[in-house]
Amino acid sequence: MTIAEINSIALIWIGIALVLVPVQLKVTAPYGRHSTNQWGPTLPYRTGWILMEIVSPLMFCIFFLSGNGDKPAFAWIAAGLWACHYLNRSLIYPFRAKMGGKRIPLAISGSAIFFNSVNGFLNGYYLGNLASTYPGNWLFSWPFWLGLTLFILGFGINLQSDNSLISLRKPGETGYKMPQNGLFRWISCPNHFGEIIEWSGFAVLCWNLPALSFAAWTAANLIPRAISHHHWYKAHFDNYPAERKAVIPFVL
C-alpha cells in the first residue's frame with residue numbers, strides 16, 4: 001500500500017469521525033455511569049473493556065512488526081509509546097478500576113473493537129512500512145520533541161486523573177462521588193483531557209495522516225462523552241462547582 005493510498009483511507013476515517021460528532025453529542029454510549037439495559041446483550045464490564053482495548057496494540061504490533069520497510073529509531077519510539085499507553089489501558093487499568101458487577105453492551109464493545117482495529121492498523125502499517133520516508137534527522141526535529149513532550153504530559157494527566165477517580169471509592173463502595181483534586185478543580189474529565197493531549201502529541205510526533213486520524217477520533221469520541229459526564233455530575237450533585245468546565249479548562 002502506498003502513502004497516497006493509506007492517506008486516502010486516513011482522510012476518509014477523519015471524515016467519518018467528524019460526521020459522527022453530532023450523533024455522539026446527542027447519544028451517550030451506555031456504559032459506566034450512563035449504563036442502560038436497552039442496548040441488547042451485555043458483557044461483564046472488565047471483560048468488555050479488555051477485549052475492546054487490547055485489539056489496538058495487537059493490530060499495531062502485527063502490522064508494525066510484519067512491515068517490510070526500514071524501521072528507524074523514531075518508529076520504534078513511536079511504537080513504544082503506543083504500547084505503553086495500551087499496556088496501561090487494556091491490562092492494568094481494568095484491574096485497578098472498580099468494575100465489579102457492572103455490564104457493558106456487546107454492541108458498544110463490538111464497535112470499539114472495530115474502531116481500535118482500524119486505528120491500530122493505520123498507524124502500525126504506516127510506521128512498519130513507510131517510516132523510511134522520514135528525514136534521517138527526524139529524532140532531532142521540533143515536531144518529534146514537541147509531540148513527545150505533549151504525549152508524556154497527556155499520559156501523566158490521564159494517569160493521575162484515573163488514580164484520583166479510583167481512590168474516591170473505599171473497599172466495598174459502589175456509588176459515585178464528586179472528584180475534587182488535581183485538574184478536577186477546573187474540569188469534570190481531566191482523564192479525557194489528558195488523553196486528547198496525549199494523542200495530539202502523537203500526531204505531532206509522527207506528523208502523518210494516520211496519527212492525525214487517531215487524534216481526531218480521540219477528540220471526537222471523548223469531548224462529547226466528557227460533556228455527558230459534566231451534565232451527569234451537575235444533575236447528581238447539587239453543590240457541583242458552577243465554574244467547572246467539562247473537558248478544556250476555562251473553555252469547554
# chains A, B, ... in the order shown; residues from 1 in each chain; ligands from 1

$ closest_atom_pairs --of "range 26-80 of chain A" --to "range 89-103 of chain A" --cutoff "12 Å" --atoms "only C-alpha atoms" --output "JSON lines"
{"residue": "A:Pro30", "atom": "CA", "partner": "A:Arg103", "partner_atom": "CA", "distance": 9.6}
{"residue": "A:Tyr31", "atom": "CA", "partner": "A:Arg103", "partner_atom": "CA", "distance": 7.2}
{"residue": "A:Gly32", "atom": "CA", "partner": "A:Lys102", "partner_atom": "CA", "distance": 7.5}
{"residue": "A:Arg33", "atom": "CA", "partner": "A:Lys102", "partner_atom": "CA", "distance": 9.7}
{"residue": "A:His34", "atom": "CA", "partner": "A:Arg103", "partner_atom": "CA", "distance": 11.0}
{"residue": "A:Ser35", "atom": "CA", "partner": "A:Arg103", "partner_atom": "CA", "distance": 7.8}
{"residue": "A:Thr36", "atom": "CA", "partner": "A:Arg103", "partner_atom": "CA", "distance": 9.2}
{"residue": "A:Asn37", "atom": "CA", "partner": "A:Arg103", "partner_atom": "CA", "distance": 9.2}
{"residue": "A:Trp39", "atom": "CA", "partner": "A:Arg103", "partner_atom": "CA", "distance": 11.1}
{"residue": "A:Gly40", "atom": "CA", "partner": "A:Arg103", "partner_atom": "CA", "distance": 11.2}
{"residue": "A:Pro41", "atom": "CA", "partner": "A:Arg103", "partner_atom": "CA", "distance": 9.5}
{"residue": "A:Thr42", "atom": "CA", "partner": "A:Arg103", "partner_atom": "CA", "distance": 5.9}
{"residue": "A:Leu43", "atom": "CA", "partner": "A:Arg103", "partner_atom": "CA", "distance": 5.5}
{"residue": "A:Pro44", "atom": "CA", "partner": "A:Arg103", "partner_atom": "CA", "distance": 4.6}
{"residue": "A:Tyr45", "atom": "CA", "partner": "A:Arg103", "partner_atom": "CA", "distance": 4.4}
{"residue": "A:Arg46", "atom": "CA", "partner": "A:Pro94", "partner_atom": "CA", "distance": 5.9}
{"residue": "A:Thr47", "atom": "CA", "partner": "A:Pro94", "partner_atom": "CA", "distance": 8.7}
{"residue": "A:Gly48", "atom": "CA", "partner": "A:Arg103", "partner_atom": "CA", "distance": 8.1}
{"residue": "A:Trp49", "atom": "CA", "partner": "A:Pro94", "partner_atom": "CA", "distance": 7.0}
{"residue": "A:Ile50", "atom": "CA", "partner": "A:Ser90", "partner_atom": "CA", "distance": 5.1}
{"residue": "A:Leu51", "atom": "CA", "partner": "A:Ser90", "partner_atom": "CA", "distance": 7.9}
{"residue": "A:Met52", "atom": "CA", "partner": "A:Ser90", "partner_atom": "CA", "distance": 8.1}
{"residue": "A:Glu53", "atom": "CA", "partner": "A:Ser90", "partner_atom": "CA", "distance": 5.1}
{"residue": "A:Ile54", "atom": "CA", "partner": "A:Ser90", "partner_atom": "CA", "distance": 5.3}
{"residue": "A:Val55", "atom": "CA", "partner": "A:Ser90", "partner_atom": "CA", "distance": 8.9}
{"residue": "A:Ser56", "atom": "CA", "partner": "A:Ser90", "partner_atom": "CA", "distance": 9.2}
{"residue": "A:Pro57", "atom": "CA", "partner": "A:Ser90", "partner_atom": "CA", "distance": 9.0}
{"residue": "A:Leu58", "atom": "CA", "partner": "A:Ser90", "partner_atom": "CA", "distance": 10.8}

$ write_last_selection --atoms "N, CA and C atoms" --output "mmCIF file, in the first residue's frame"
data_model
loop_
_atom_site.group_PDB
_atom_site.id
_atom_site.type_symbol
_atom_site.label_atom_id
_atom_site.label_comp_id
_atom_site.auth_asym_id
_atom_site.auth_seq_id
_atom_site.Cartn_x
_atom_site.Cartn_y
_atom_site.Cartn_z
ATOM 1 N N PRO A 30 -23.870 3.835 26.307
ATOM 2 C CA PRO A 30 -24.461 3.395 27.577
ATOM 3 C C PRO A 30 -23.578 2.442 28.381
ATOM 4 N N TYR A 31 -22.491 2.955 28.931
ATOM 5 C CA TYR A 31 -21.699 2.156 29.855
ATOM 6 C C TYR A 31 -21.174 3.074 30.956
ATOM 7 N N GLY A 32 -20.666 2.468 32.025
ATOM 8 C CA GLY A 32 -20.244 3.269 33.165
ATOM 9 C C GLY A 32 -21.439 3.921 33.827
ATOM 10 N N ARG A 33 -21.323 5.195 34.147
ATOM 11 C CA ARG A 33 -22.410 5.904 34.828
ATOM 12 C C ARG A 33 -23.625 6.127 33.926
ATOM 13 N N HIS A 34 -23.465 5.890 32.626
ATOM 14 C CA HIS A 34 -24.569 6.094 31.686
ATOM 15 C C HIS A 34 -25.222 4.769 31.273
ATOM 16 N N SER A 35 -24.986 3.715 32.048
ATOM 17 C CA SER A 35 -25.490 2.388 31.680
ATOM 18 C C SER A 35 -27.012 2.347 31.591
ATOM 19 N N THR A 36 -27.493 1.578 30.597
ATOM 20 C CA THR A 36 -28.918 1.272 30.490
ATOM 21 C C THR A 36 -29.036 -0.203 30.092
ATOM 22 N N ASN A 37 -30.240 -0.740 30.140
ATOM 23 C CA ASN A 37 -30.455 -2.136 29.723
ATOM 24 C C ASN A 37 -31.187 -2.198 28.386
ATOM 25 N N TRP A 39 -29.742 -1.716 25.279
ATOM 26 C CA TRP A 39 -28.865 -1.891 24.128
ATOM 27 C C TRP A 39 -28.528 -3.357 23.871
ATOM 28 N N GLY A 40 -29.395 -4.253 24.262
ATOM 29 C CA GLY A 40 -29.201 -5.660 23.943
ATOM 30 C C GLY A 40 -28.265 -6.393 24.888
ATOM 31 N N PRO A 41 -27.700 -7.521 24.425
ATOM 32 C CA PRO A 41 -26.848 -8.362 25.278
ATOM 33 C C PRO A 41 -25.660 -7.582 25.833
ATOM 34 N N THR A 42 -25.215 -7.983 27.022
ATOM 35 C CA THR A 42 -24.110 -7.295 27.679
ATOM 36 C C THR A 42 -23.011 -8.266 28.074
ATOM 37 N N LEU A 43 -21.860 -7.704 28.365
ATOM 38 C CA LEU A 43 -20.714 -8.447 28.880
ATOM 39 C C LEU A 43 -20.343 -7.883 30.244
ATOM 40 N N PRO A 44 -19.645 -8.664 31.080
ATOM 41 C CA PRO A 44 -19.057 -8.058 32.274
ATOM 42 C C PRO A 44 -18.165 -6.890 31.856
ATOM 43 N N TYR A 45 -18.266 -5.795 32.583
ATOM 44 C CA TYR A 45 -17.587 -4.562 32.185
ATOM 45 C C TYR A 45 -16.085 -4.784 31.973
ATOM 46 N N ARG A 46 -15.440 -5.475 32.913
ATOM 47 C CA ARG A 46 -13.996 -5.682 32.802
ATOM 48 C C ARG A 46 -13.649 -6.495 31.560
ATOM 49 N N THR A 47 -14.416 -7.543 31.288
ATOM 50 C CA THR A 47 -14.166 -8.369 30.102
ATOM 51 C C THR A 47 -14.336 -7.546 28.828
ATOM 52 N N GLY A 48 -15.442 -6.809 28.746
ATOM 53 C CA GLY A 48 -15.687 -5.991 27.567
ATOM 54 C C GLY A 48 -14.620 -4.944 27.364
ATOM 55 N N TRP A 49 -14.165 -4.333 28.469
ATOM 56 C CA TRP A 49 -13.135 -3.295 28.384
ATOM 57 C C TRP A 49 -11.833 -3.864 27.827
ATOM 58 N N ILE A 50 -11.404 -4.994 28.389
ATOM 59 C CA ILE A 50 -10.148 -5.598 27.933
ATOM 60 C C ILE A 50 -10.227 -5.984 26.462
ATOM 61 N N LEU A 51 -11.347 -6.593 26.055
ATOM 62 C CA LEU A 51 -11.494 -7.013 24.662
ATOM 63 C C LEU A 51 -11.423 -5.831 23.710
ATOM 64 N N MET A 52 -12.084 -4.731 24.069
ATOM 65 C CA MET A 52 -12.143 -3.619 23.120
ATOM 66 C C MET A 52 -10.862 -2.781 23.114
ATOM 67 N N GLU A 53 -10.060 -2.852 24.179
ATOM 68 C CA GLU A 53 -8.818 -2.078 24.221
ATOM 69 C C GLU A 53 -7.614 -2.868 23.714
ATOM 70 N N ILE A 54 -7.595 -4.170 23.944
ATOM 71 C CA ILE A 54 -6.408 -4.962 23.617
ATOM 72 C C ILE A 54 -6.201 -5.091 22.106
ATOM 73 N N VAL A 55 -7.260 -4.919 21.320
ATOM 74 C CA VAL A 55 -7.100 -5.103 19.875
ATOM 75 C C VAL A 55 -6.223 -4.024 19.254
ATOM 76 N N SER A 56 -6.199 -2.829 19.853
ATOM 77 C CA SER A 56 -5.395 -1.752 19.275
ATOM 78 C C SER A 56 -3.899 -2.070 19.299
ATOM 79 N N PRO A 57 -3.313 -2.428 20.448
ATOM 80 C CA PRO A 57 -1.889 -2.780 20.410
ATOM 81 C C PRO A 57 -1.607 -4.050 19.621
ATOM 82 N N LEU A 58 -2.557 -4.998 19.612
ATOM 83 C CA LEU A 58 -2.349 -6.213 18.832
ATOM 84 C C LEU A 58 -2.278 -5.896 17.338
#

$ select_by_dssp --residues "range 3-186 of chain A" --states "helix (DSSP H, G or I)" --output "MDAnalysis selection string"
chainID A and resid 3:26 32:34 45:66 73:96 106:129 131:133 138:140 142:168 182:185

$ residues_around --residues "Gly128 in chain A" --least-positions-apart "6" --cutoff "6 Å" --atoms "only C-alpha atoms" --output "ChimeraX atom specification"
/A:64,67,69

$ write_last_selection --atoms "C-alpha atoms" --output "JSON list (two decimals), in the first residue's frame"
[["chain", "number", "residue", "atom", "x", "y", "z"],
["A", 64, "PHE", "CA", 4.30, -2.77, 12.50],
["A", 67, "GLY", "CA", 6.02, -4.37, 7.77],
["A", 69, "GLY", "CA", 10.03, -1.13, 5.44]]

$ atom_distance --atom1 "CA of Trp145 in chain A" --atom2 "CA of Glu5 in chain A"
27.8 Å

$ residues_around --residues "Gly154 in chain A" --least-positions-apart "5" --cutoff "7 Å" --atoms "only C-alpha atoms" --output "short mmCIF file (atom, residue, chain, number, x, y, z; two decimals) with C-alpha atoms, in the first residue's frame"
data_model
loop_
_atom_site.label_atom_id
_atom_site.label_comp_id
_atom_site.auth_asym_id
_atom_site.auth_seq_id
_atom_site.Cartn_x
_atom_site.Cartn_y
_atom_site.Cartn_z
CA GLY A 194 -5.11 14.15 29.14
CA GLU A 195 -5.85 11.51 26.53
CA ILE A 197 -3.39 15.92 24.64
CA GLU A 198 -1.59 12.58 24.52
#

$ closest_atom_pairs --of "range 75-193 of chain A" --to "range 1-4 of chain A" --cutoff "9 Å" --atoms "only C-alpha atoms" --output "Markdown table"
| residue | atom | partner | partner_atom | distance |
| --- | --- | --- | --- | --- |
| A:Tyr125 | CA | A:Met1 | CA | 8.9 |
| A:Tyr126 | CA | A:Ile3 | CA | 7.9 |
| A:Asn129 | CA | A:Met1 | CA | 8.7 |
| A:Leu130 | CA | A:Ile3 | CA | 7.2 |

$ atom_distance --atom1 "CA of Trp199 in chain A" --atom2 "CA of Ala215 in chain A"
5.0 Å

$ atom_distance --atom1 "CA of Cys206 in chain A" --atom2 "CA of Pro143 in chain A"
7.8 Å

$ decode --residues "range 142-182 of chain A" --atoms "C-alpha atoms" --output "compact mmCIF listing (two decimals), in the first residue's frame"
# COMPACT_ATOMS: atom_id res chain seq x y z
CA TRP A 142 10.89 20.13 16.59
CA PRO A 143 7.74 18.07 15.77
CA PHE A 144 9.30 14.99 17.37
CA TRP A 145 10.28 16.75 20.61
CA LEU A 146 7.11 18.83 20.87
CA GLY A 147 4.97 15.77 20.19
CA LEU A 148 6.92 13.65 22.69
CA THR A 149 6.51 16.34 25.35
CA LEU A 150 2.77 16.58 24.74
CA PHE A 151 2.40 12.79 24.78
CA ILE A 152 4.19 12.46 28.12
CA LEU A 153 2.23 15.39 29.58
CA GLY A 154 -1.09 13.94 28.43
CA PHE A 155 -0.22 10.45 29.65
CA GLY A 156 0.68 11.89 33.06
CA ILE A 157 -2.58 13.84 33.30
CA ASN A 158 -4.58 10.79 32.25
CA LEU A 159 -2.86 8.52 34.76
CA GLN A 160 -3.10 10.99 37.66
CA SER A 161 -6.79 11.59 36.93
CA ASP A 162 -7.51 7.86 36.82
CA ASN A 163 -5.74 7.49 40.16
CA SER A 164 -7.90 10.23 41.66
CA LEU A 165 -11.12 8.59 40.44
CA ILE A 166 -10.09 5.13 41.61
CA SER A 167 -9.17 6.43 45.08
CA LEU A 168 -12.60 8.04 45.59
CA ARG A 169 -14.20 4.72 46.49
CA LYS A 170 -13.23 2.82 49.58
CA PRO A 171 -13.36 -1.01 49.51
CA GLY A 172 -16.95 -2.18 49.20
CA GLU A 173 -18.33 1.17 48.00
CA THR A 174 -20.19 1.25 44.68
CA GLY A 175 -21.66 4.76 44.32
CA TYR A 176 -20.20 7.81 42.61
CA LYS A 177 -18.53 10.71 44.42
CA MET A 178 -17.58 14.17 43.26
CA PRO A 179 -13.83 14.38 42.47
CA GLN A 180 -12.06 17.43 43.86
CA ASN A 181 -8.28 17.34 43.46
CA GLY A 182 -5.87 17.99 40.60
